$ cat model14.pdb   # PDB, C-alpha atoms
ATOM      1  CA  MET A  15       0.000   0.000   0.000  1.00  0.00           C
ATOM      2  CA  ARG A  16       0.949   3.651  -0.465  1.00  0.00           C
ATOM      3  CA  ILE A  17       0.788   5.221   2.988  1.00  0.00           C
ATOM      4  CA  VAL A  18       1.024   8.718   4.494  1.00  0.00           C
ATOM      5  CA  ILE A  19       1.932   9.025   8.184  1.00  0.00           C
ATOM      6  CA  GLY A  20       0.762  11.941  10.331  1.00  0.00           C
ATOM      7  CA  GLU A  21       2.634  11.883  13.652  1.00  0.00           C
ATOM      8  CA  ASP A  22       4.372  14.719  15.507  1.00  0.00           C
ATOM      9  CA  SER A  23       6.887  12.529  17.351  1.00  0.00           C
ATOM     10  CA  ALA A  24       9.786  12.202  14.918  1.00  0.00           C
ATOM     11  CA  LEU A  25      11.080   9.074  16.639  1.00  0.00           C
ATOM     12  CA  PHE A  26       7.727   7.288  16.530  1.00  0.00           C
ATOM     13  CA  ARG A  27       7.038   8.508  12.976  1.00  0.00           C
ATOM     14  CA  GLU A  28      10.327   7.253  11.578  1.00  0.00           C
ATOM     15  CA  GLY A  29      10.089   3.980  13.468  1.00  0.00           C
ATOM     16  CA  LEU A  30       6.598   3.405  12.088  1.00  0.00           C
ATOM     17  CA  ALA A  31       7.796   4.254   8.568  1.00  0.00           C
ATOM     18  CA  ARG A  32      10.628   1.741   8.880  1.00  0.00           C
ATOM     19  CA  LEU A  33       8.213  -0.925  10.119  1.00  0.00           C
ATOM     20  CA  LEU A  34       5.862  -0.331   7.196  1.00  0.00           C
ATOM     21  CA  GLU A  35       8.639  -0.285   4.607  1.00  0.00           C
ATOM     22  CA  ASP A  36      10.120  -3.499   5.989  1.00  0.00           C
ATOM     23  CA  ALA A  37       6.666  -5.052   5.496  1.00  0.00           C
ATOM     24  CA  GLY A  38       6.712  -4.064   1.820  1.00  0.00           C
ATOM     25  CA  HIS A  39       4.586  -0.913   1.930  1.00  0.00           C
ATOM     26  CA  GLU A  40       5.546   2.435   0.397  1.00  0.00           C
ATOM     27  CA  VAL A  41       5.548   5.445   2.713  1.00  0.00           C
ATOM     28  CA  VAL A  42       4.863   8.320   0.322  1.00  0.00           C
ATOM     29  CA  GLY A  43       4.485  11.095   2.883  1.00  0.00           C
ATOM     30  CA  ARG A  44       5.396  12.039   6.443  1.00  0.00           C
ATOM     31  CA  ALA A  45       3.821  14.939   8.331  1.00  0.00           C
ATOM     32  CA  GLY A  46       4.440  16.372  11.780  1.00  0.00           C
ATOM     33  CA  ASP A  47       1.322  18.523  12.033  1.00  0.00           C
ATOM     34  CA  ALA A  48      -2.270  18.455  10.843  1.00  0.00           C
ATOM     35  CA  THR A  49      -1.825  21.076   8.128  1.00  0.00           C
ATOM     36  CA  ALA A  50       1.128  19.277   6.556  1.00  0.00           C
ATOM     37  CA  LEU A  51      -0.815  16.009   6.821  1.00  0.00           C
ATOM     38  CA  VAL A  52      -3.761  17.313   4.805  1.00  0.00           C
ATOM     39  CA  GLU A  53      -1.372  18.714   2.205  1.00  0.00           C
ATOM     40  CA  ALA A  54       0.544  15.418   1.933  1.00  0.00           C
ATOM     41  CA  VAL A  55      -2.576  13.292   1.552  1.00  0.00           C
ATOM     42  CA  THR A  56      -4.096  15.694  -0.969  1.00  0.00           C
ATOM     43  CA  ARG A  57      -0.866  15.672  -2.978  1.00  0.00           C
ATOM     44  CA  GLU A  58      -0.015  11.962  -2.817  1.00  0.00           C
ATOM     45  CA  ARG A  59      -3.513  10.403  -2.784  1.00  0.00           C
ATOM     46  CA  PRO A  60      -2.377   7.362  -0.762  1.00  0.00           C
ATOM     47  CA  ASP A  61      -4.298   4.156  -0.143  1.00  0.00           C
ATOM     48  CA  LEU A  62      -4.059   4.628   3.615  1.00  0.00           C
ATOM     49  CA  ALA A  63      -3.389   7.456   6.070  1.00  0.00           C
ATOM     50  CA  ILE A  64      -2.121   6.665   9.572  1.00  0.00           C
ATOM     51  CA  ILE A  65      -2.915   9.636  11.799  1.00  0.00           C
ATOM     52  CA  ASP A  66      -2.149  10.528  15.397  1.00  0.00           C
ATOM     53  CA  VAL A  67      -5.311  11.897  17.021  1.00  0.00           C
ATOM     54  CA  ARG A  68      -3.377  14.599  18.891  1.00  0.00           C
ATOM     55  CA  MET A  69      -1.109  16.686  16.688  1.00  0.00           C
ATOM     56  CA  PRO A  70       0.075  20.293  16.351  1.00  0.00           C
ATOM     57  CA  PRO A  71      -0.772  23.073  15.918  1.00  0.00           C
ATOM     58  CA  ASP A  72      -3.175  22.880  18.872  1.00  0.00           C
ATOM     59  CA  GLY A  73      -2.070  19.534  20.265  1.00  0.00           C
ATOM     60  CA  THR A  74      -5.644  18.509  21.019  1.00  0.00           C
ATOM     61  CA  ASP A  75      -7.716  16.619  18.451  1.00  0.00           C
ATOM     62  CA  ASP A  76      -6.135  18.204  15.356  1.00  0.00           C
ATOM     63  CA  GLY A  77      -5.306  14.841  13.809  1.00  0.00           C
ATOM     64  CA  ALA A  78      -8.846  13.535  14.207  1.00  0.00           C
ATOM     65  CA  ARG A  79     -10.285  16.727  12.721  1.00  0.00           C
ATOM     66  CA  ALA A  80      -7.863  16.435   9.809  1.00  0.00           C
ATOM     67  CA  ALA A  81      -9.025  12.851   9.306  1.00  0.00           C
ATOM     68  CA  LYS A  82     -12.634  14.027   9.044  1.00  0.00           C
ATOM     69  CA  GLU A  83     -11.608  16.665   6.514  1.00  0.00           C
ATOM     70  CA  LEU A  84      -9.706  14.104   4.447  1.00  0.00           C
ATOM     71  CA  ARG A  85     -12.605  11.658   4.572  1.00  0.00           C
ATOM     72  CA  ALA A  86     -14.924  14.396   3.290  1.00  0.00           C
ATOM     73  CA  GLN A  87     -12.531  14.996   0.391  1.00  0.00           C
ATOM     74  CA  ASP A  88     -12.092  11.302  -0.407  1.00  0.00           C
ATOM     75  CA  PRO A  89     -14.671   8.844   1.000  1.00  0.00           C
ATOM     76  CA  GLU A  90     -12.538   5.921  -0.245  1.00  0.00           C
ATOM     77  CA  LEU A  91      -9.459   6.877   1.766  1.00  0.00           C
ATOM     78  CA  ALA A  92      -8.614   4.271   4.403  1.00  0.00           C
ATOM     79  CA  ILE A  93      -7.768   5.882   7.744  1.00  0.00           C
ATOM     80  CA  VAL A  94      -6.181   4.447  10.874  1.00  0.00           C
ATOM     81  CA  LEU A  95      -6.229   6.726  13.909  1.00  0.00           C
ATOM     82  CA  LEU A  96      -3.605   6.236  16.601  1.00  0.00           C
ATOM     83  CA  SER A  97      -3.947   7.519  20.159  1.00  0.00           C
ATOM     84  CA  GLN A  98      -2.136   7.231  23.466  1.00  0.00           C
ATOM     85  CA  HIS A  99      -5.431   6.999  25.353  1.00  0.00           C
ATOM     86  CA  VAL A 100      -9.002   6.000  24.545  1.00  0.00           C
ATOM     87  CA  GLU A 101     -10.815   8.946  22.952  1.00  0.00           C
ATOM     88  CA  THR A 102     -14.003   7.845  21.265  1.00  0.00           C
ATOM     89  CA  ARG A 103     -15.700  10.981  19.936  1.00  0.00           C
ATOM     90  CA  HIS A 104     -14.162  11.091  16.475  1.00  0.00           C
ATOM     91  CA  SER A 105     -13.862   7.331  16.042  1.00  0.00           C
ATOM     92  CA  VAL A 106     -17.631   7.042  16.442  1.00  0.00           C
ATOM     93  CA  GLU A 107     -18.225   9.688  13.777  1.00  0.00           C
ATOM     94  CA  LEU A 108     -15.664   8.338  11.322  1.00  0.00           C
ATOM     95  CA  VAL A 109     -16.564   4.657  11.587  1.00  0.00           C
ATOM     96  CA  ALA A 110     -19.919   5.362   9.923  1.00  0.00           C
ATOM     97  CA  GLY A 111     -18.066   5.664   6.624  1.00  0.00           C
ATOM     98  CA  GLY A 112     -16.126   2.401   6.973  1.00  0.00           C
ATOM     99  CA  ARG A 113     -12.437   1.995   6.136  1.00  0.00           C
ATOM    100  CA  VAL A 114     -11.507   3.244   9.618  1.00  0.00           C
ATOM    101  CA  GLY A 115      -9.330   1.918  12.384  1.00  0.00           C
ATOM    102  CA  TYR A 116      -8.788   3.312  15.876  1.00  0.00           C
ATOM    103  CA  LEU A 117      -5.834   1.763  17.675  1.00  0.00           C
ATOM    104  CA  LEU A 118      -3.875   2.634  20.777  1.00  0.00           C
ATOM    105  CA  LYS A 119      -0.232   3.353  20.007  1.00  0.00           C
ATOM    106  CA  ASP A 120       0.933   0.407  22.093  1.00  0.00           C
ATOM    107  CA  ARG A 121      -0.811  -1.837  19.551  1.00  0.00           C
ATOM    108  CA  VAL A 122       1.788  -0.888  16.914  1.00  0.00           C
ATOM    109  CA  PHE A 123       4.363  -2.971  18.772  1.00  0.00           C
ATOM    110  CA  GLU A 124       2.184  -6.065  18.308  1.00  0.00           C
ATOM    111  CA  VAL A 125       3.359  -6.090  14.719  1.00  0.00           C
ATOM    112  CA  ASP A 126       1.313  -8.963  13.294  1.00  0.00           C
ATOM    113  CA  ASP A 127      -1.944  -7.663  14.773  1.00  0.00           C
ATOM    114  CA  PHE A 128      -1.142  -4.126  13.652  1.00  0.00           C
ATOM    115  CA  MET A 129      -0.436  -5.157  10.068  1.00  0.00           C
ATOM    116  CA  ASP A 130      -3.585  -7.271  10.038  1.00  0.00           C
ATOM    117  CA  ALA A 131      -5.588  -4.245  11.200  1.00  0.00           C
ATOM    118  CA  LEU A 132      -4.134  -2.123   8.381  1.00  0.00           C
ATOM    119  CA  ARG A 133      -5.105  -4.758   5.836  1.00  0.00           C
ATOM    120  CA  ARG A 134      -8.668  -4.976   7.175  1.00  0.00           C
ATOM    121  CA  VAL A 135      -9.126  -1.210   7.054  1.00  0.00           C
ATOM    122  CA  ALA A 136      -7.638  -0.912   3.551  1.00  0.00           C
ATOM    123  CA  ALA A 137     -10.034  -3.644   2.391  1.00  0.00           C
ATOM    124  CA  GLY A 138     -13.007  -1.575   3.559  1.00  0.00           C
ATOM    125  CA  GLY A 139     -13.458  -2.948   7.059  1.00  0.00           C
ATOM    126  CA  SER A 140     -12.948  -1.595  10.552  1.00  0.00           C
ATOM    127  CA  ALA A 141     -10.351  -2.170  13.245  1.00  0.00           C
ATOM    128  CA  LEU A 142     -11.208  -0.797  16.664  1.00  0.00           C
ATOM    129  CA  ASP A 143      -8.796  -1.388  19.505  1.00  0.00           C
ATOM    130  CA  PRO A 144     -10.163  -3.786  22.138  1.00  0.00           C
ATOM    131  CA  GLU A 145      -9.761  -1.060  24.775  1.00  0.00           C
ATOM    132  CA  VAL A 146     -11.775   1.355  22.626  1.00  0.00           C
ATOM    133  CA  VAL A 147     -14.373  -1.369  22.200  1.00  0.00           C
ATOM    134  CA  ALA A 148     -14.501  -1.980  25.966  1.00  0.00           C
ATOM    135  CA  THR A 149     -14.999   1.733  26.621  1.00  0.00           C
ATOM    136  CA  LEU A 150     -17.772   2.046  24.072  1.00  0.00           C
ATOM    137  CA  LEU A 151     -19.423  -1.087  25.372  1.00  0.00           C
ATOM    138  CA  GLY A 152     -19.962   0.549  28.795  1.00  0.00           C
ATOM    139  CA  PRO A 153     -23.269   0.690  30.694  1.00  0.00           C
ATOM    140  CA  ARG A 154     -26.401   0.880  28.551  1.00  0.00           C
ATOM    141  CA  ARG A 155     -29.808   2.364  29.271  1.00  0.00           C
ATOM    142  CA  ASP A 156     -32.780   0.084  29.764  1.00  0.00           C
ATOM    143  CA  ASP A 157     -34.340   1.383  26.537  1.00  0.00           C
ATOM    144  CA  ASP A 158     -31.174   0.704  24.543  1.00  0.00           C
ATOM    145  CA  PRO A 159     -31.728  -2.067  21.933  1.00  0.00           C
ATOM    146  CA  LEU A 160     -28.400  -3.583  22.945  1.00  0.00           C
ATOM    147  CA  ALA A 161     -29.905  -4.380  26.337  1.00  0.00           C
ATOM    148  CA  LEU A 162     -31.705  -7.218  24.530  1.00  0.00           C
ATOM    149  CA  LEU A 163     -28.437  -8.952  23.683  1.00  0.00           C
ATOM    150  CA  THR A 164     -27.038 -11.789  25.755  1.00  0.00           C
ATOM    151  CA  PRO A 165     -23.503 -11.425  27.168  1.00  0.00           C
ATOM    152  CA  ARG A 166     -22.191 -13.793  24.471  1.00  0.00           C
ATOM    153  CA  GLU A 167     -23.938 -11.821  21.715  1.00  0.00           C
ATOM    154  CA  ARG A 168     -22.315  -8.659  23.080  1.00  0.00           C
ATOM    155  CA  ASP A 169     -18.931 -10.417  22.927  1.00  0.00           C
ATOM    156  CA  VAL A 170     -19.566 -11.346  19.290  1.00  0.00           C
ATOM    157  CA  LEU A 171     -20.680  -7.802  18.414  1.00  0.00           C
ATOM    158  CA  ALA A 172     -17.607  -6.336  20.113  1.00  0.00           C
ATOM    159  CA  LEU A 173     -15.358  -8.528  17.967  1.00  0.00           C
ATOM    160  CA  MET A 174     -17.333  -7.522  14.870  1.00  0.00           C
ATOM    161  CA  ALA A 175     -16.528  -3.914  15.806  1.00  0.00           C
ATOM    162  CA  GLU A 176     -12.840  -4.824  15.939  1.00  0.00           C
ATOM    163  CA  GLY A 177     -13.230  -5.947  12.332  1.00  0.00           C
ATOM    164  CA  ARG A 178     -13.039  -9.712  12.884  1.00  0.00           C
ATOM    165  CA  ASN A 179     -14.725 -12.054  10.428  1.00  0.00           C
ATOM    166  CA  ASN A 180     -16.732 -15.085  11.535  1.00  0.00           C
ATOM    167  CA  ALA A 181     -13.700 -17.370  11.573  1.00  0.00           C
ATOM    168  CA  GLY A 182     -11.716 -14.862  13.633  1.00  0.00           C
ATOM    169  CA  ILE A 183     -14.574 -14.472  16.110  1.00  0.00           C
ATOM    170  CA  ALA A 184     -14.857 -18.245  16.416  1.00  0.00           C
ATOM    171  CA  ARG A 185     -11.140 -18.589  17.186  1.00  0.00           C
ATOM    172  CA  ARG A 186     -11.181 -15.779  19.743  1.00  0.00           C
ATOM    173  CA  LEU A 187     -14.228 -17.077  21.628  1.00  0.00           C
ATOM    174  CA  PHE A 188     -13.479 -20.796  21.151  1.00  0.00           C
ATOM    175  CA  LEU A 189     -16.747 -21.337  19.295  1.00  0.00           C
ATOM    176  CA  THR A 190     -17.636 -23.167  16.108  1.00  0.00           C
ATOM    177  CA  ASP A 191     -18.311 -21.153  12.953  1.00  0.00           C
ATOM    178  CA  ARG A 192     -21.922 -22.371  13.057  1.00  0.00           C
ATOM    179  CA  THR A 193     -22.361 -21.088  16.613  1.00  0.00           C
ATOM    180  CA  VAL A 194     -20.991 -17.686  15.620  1.00  0.00           C
ATOM    181  CA  GLU A 195     -23.439 -17.561  12.711  1.00  0.00           C
ATOM    182  CA  THR A 196     -26.272 -18.341  15.134  1.00  0.00           C
ATOM    183  CA  HIS A 197     -25.202 -15.548  17.487  1.00  0.00           C
ATOM    184  CA  ILE A 198     -24.940 -13.064  14.603  1.00  0.00           C
ATOM    185  CA  ALA A 199     -28.404 -14.021  13.387  1.00  0.00           C
ATOM    186  CA  GLY A 200     -29.721 -13.377  16.895  1.00  0.00           C
ATOM    187  CA  ILE A 201     -27.970 -10.001  17.020  1.00  0.00           C
ATOM    188  CA  MET A 202     -29.467  -8.933  13.699  1.00  0.00           C
ATOM    189  CA  GLN A 203     -32.952 -10.013  14.731  1.00  0.00           C
ATOM    190  CA  LYS A 204     -32.823  -8.233  18.104  1.00  0.00           C
ATOM    191  CA  LEU A 205     -31.477  -5.028  16.536  1.00  0.00           C
ATOM    192  CA  GLY A 206     -34.145  -5.138  13.834  1.00  0.00           C
ATOM    193  CA  LEU A 207     -31.595  -5.325  11.014  1.00  0.00           C
ATOM    194  CA  HIS A 208     -33.396  -7.339   8.371  1.00  0.00           C
ATOM    195  CA  GLU A 209     -31.768  -8.426   5.115  1.00  0.00           C
ATOM    196  CA  THR A 210     -32.609  -6.004   2.287  1.00  0.00           C
ATOM    197  CA  GLY A 211     -29.817  -6.714  -0.178  1.00  0.00           C
ATOM    198  CA  GLU A 212     -28.833  -3.046  -0.106  1.00  0.00           C
ATOM    199  CA  GLU A 213     -27.098  -2.626   3.268  1.00  0.00           C
ATOM    200  CA  ASN A 214     -24.162  -4.200   5.039  1.00  0.00           C
ATOM    201  CA  ARG A 215     -25.897  -5.451   8.163  1.00  0.00           C
ATOM    202  CA  ARG A 216     -22.619  -6.097   9.982  1.00  0.00           C
ATOM    203  CA  VAL A 217     -21.728  -2.419   9.585  1.00  0.00           C
ATOM    204  CA  LEU A 218     -25.207  -1.342  10.675  1.00  0.00           C
ATOM    205  CA  ALA A 219     -24.990  -3.586  13.736  1.00  0.00           C
ATOM    206  CA  VAL A 220     -21.664  -2.037  14.717  1.00  0.00           C
ATOM    207  CA  LEU A 221     -23.055   1.456  14.126  1.00  0.00           C
ATOM    208  CA  THR A 222     -26.028   0.664  16.345  1.00  0.00           C
ATOM    209  CA  TRP A 223     -23.632  -0.570  18.990  1.00  0.00           C
ATOM    210  CA  LEU A 224     -21.564   2.611  18.693  1.00  0.00           C
ATOM    211  CA  GLY A 225     -24.678   4.752  18.985  1.00  0.00           C
ATOM    212  CA  VAL A 226     -24.450   6.086  15.435  1.00  0.00           C
ATOM    213  CA  ARG A 227     -27.593   6.288  13.314  1.00  0.00           C
ATOM    214  CA  GLN A 228     -27.129   5.443   9.666  1.00  0.00           C
ATOM    215  CA  ARG A 229     -28.469   8.241   7.474  1.00  0.00           C
ATOM    216  CA  GLY A 230     -29.376   7.224   3.973  1.00  0.00           C
TER     217      GLY A 230
END
$ encode --input "model14.pdb" --output "structure tokens"
Amino acid sequence: MRIVIGEDSALFREGLARLLEDAGHEVVGRAGDATALVEAVTRERPDLAIIDVRMPPDGTDDGARAAKELRAQDPELAIVLLSQHVETRHSVELVAGGRVGYLLKDRVFEVDDFMDALRRVAAGGSALDPEVVATLLGPRRDDDPLALLTPRERDVLALMAEGRNNAGIARRLFLTDRTVETHIAGIMQKLGLHETGEENRRVLAVLTWLGVRQRG
């Protein structure tokens, strides 16, 4: 893949670039602030942008805001947000468009999992860090449709949010593929997500779980 990195720590940025290049990817741009990031992505039109949520000039959520701007310019751009801590506001908004990952920076050092997450996002899926998932999964209101789900169905939906396919969910939860299919069918029924042939119900289920309403 052709990748642009937006990260203000030069040491982390160059280490990440080396990791990606060693894996066979082409790093076509490096940016240390949000403005330079937008310029690099606009100029290079990469397959994937890896963006630190907190970047200069303000050092708050500049990277996440830049990601939203870039997604508005190019809905097909794959984006992976990196953060030191769990910050869910922008991940919830961006995940509605697909091709989005939100990973804690420590996850980069788990190289195989990190590279797998990049591949899933570039292929149009999602990759939410388990800690982000756990935060978003927090207490639910009694009138929340997710309150209808069993604990195991919530586990399956959480792994769907991480971007896992049925086989991956089965391995993680030590279930058979058939059992996972049964749980997913139950999730779809309880969330009222009926097959129409026009919508990706897995995405809609994750969006429901994240509290995002799909607007057609």
$ resolve_selection --input "model14.pdb" --expression "the PyMOL selection byres ((chain A and resi 134-137) around 6)" --output "PyMOL selection string"
chain A and resi 92+113-114+131-133+138-140
$ resolve_selection --input "model14.pdb" --expression "the PyMOL selection byres ((chain A and resi 77-89) around 6)" --output "count of residues only"
9
$ atom_distance --input "model14.pdb" --atom1 "atom CA of Val94 of chain A" --atom2 "atom CA of Asp72 of chain A"
20.3 Å
$ residues_around --input "model14.pdb" --residues "Gln98 of chain A" --least-positions-apart "6" --cutoff "8 Å" --atoms "only C-alpha atoms" --output "list in words"
Leu118, Lys119 and Asp120 of chain A
$ atom_distance --input "model14.pdb" --atom1 "atom CA of Val170 of chain A" --atom2 "atom CA of Val146 of chain A"
15.3 Å
$ atom_distance --input "model14.pdb" --atom1 "atom CA of Leu205 of chain A" --atom2 "atom CA of Leu163 of chain A"
8.7 Å
$ closest_residue --input "model14.pdb" --among "A:Pro70, A:Gly177, A:Gly182, A:Pro165" --to "His197 of chain A" --atoms "all atoms listed in the file"
A:Pro165
$ resolve_selection --input "model14.pdb" --expression "the PyMOL selection byres ((chain A and resi 180) around 10)" --output "number ranges by chain"
A: 170, 173-174, 177-179, 181-186, 189-195, 198
$ residues_around --input "model14.pdb" --residues "Leu33 of chain A" --least-positions-apart "3" --cutoff "10 Å" --atoms "all atoms listed in the file" --output "PyMOL selection string"
chain A and resi 27-30+36-39+122-123+125+129
$ closest_residue --input "model14.pdb" --among "A:Leu162, A:Val52, A:Ala199, A:Ile65" --to "Gly20 of chain A" --atoms "only C-alpha atoms"
A:Ile65
$ axis_aligned_box --input "model14.pdb" --around "segment 122-133 of chain A" --padding-each-side "4 Å" --output "lines of an AutoDock Vina configuration file"
center_x = -0.6
center_y = -4.9
center_z = 12.3
size_x = 18.0
size_y = 16.1
size_z = 20.9
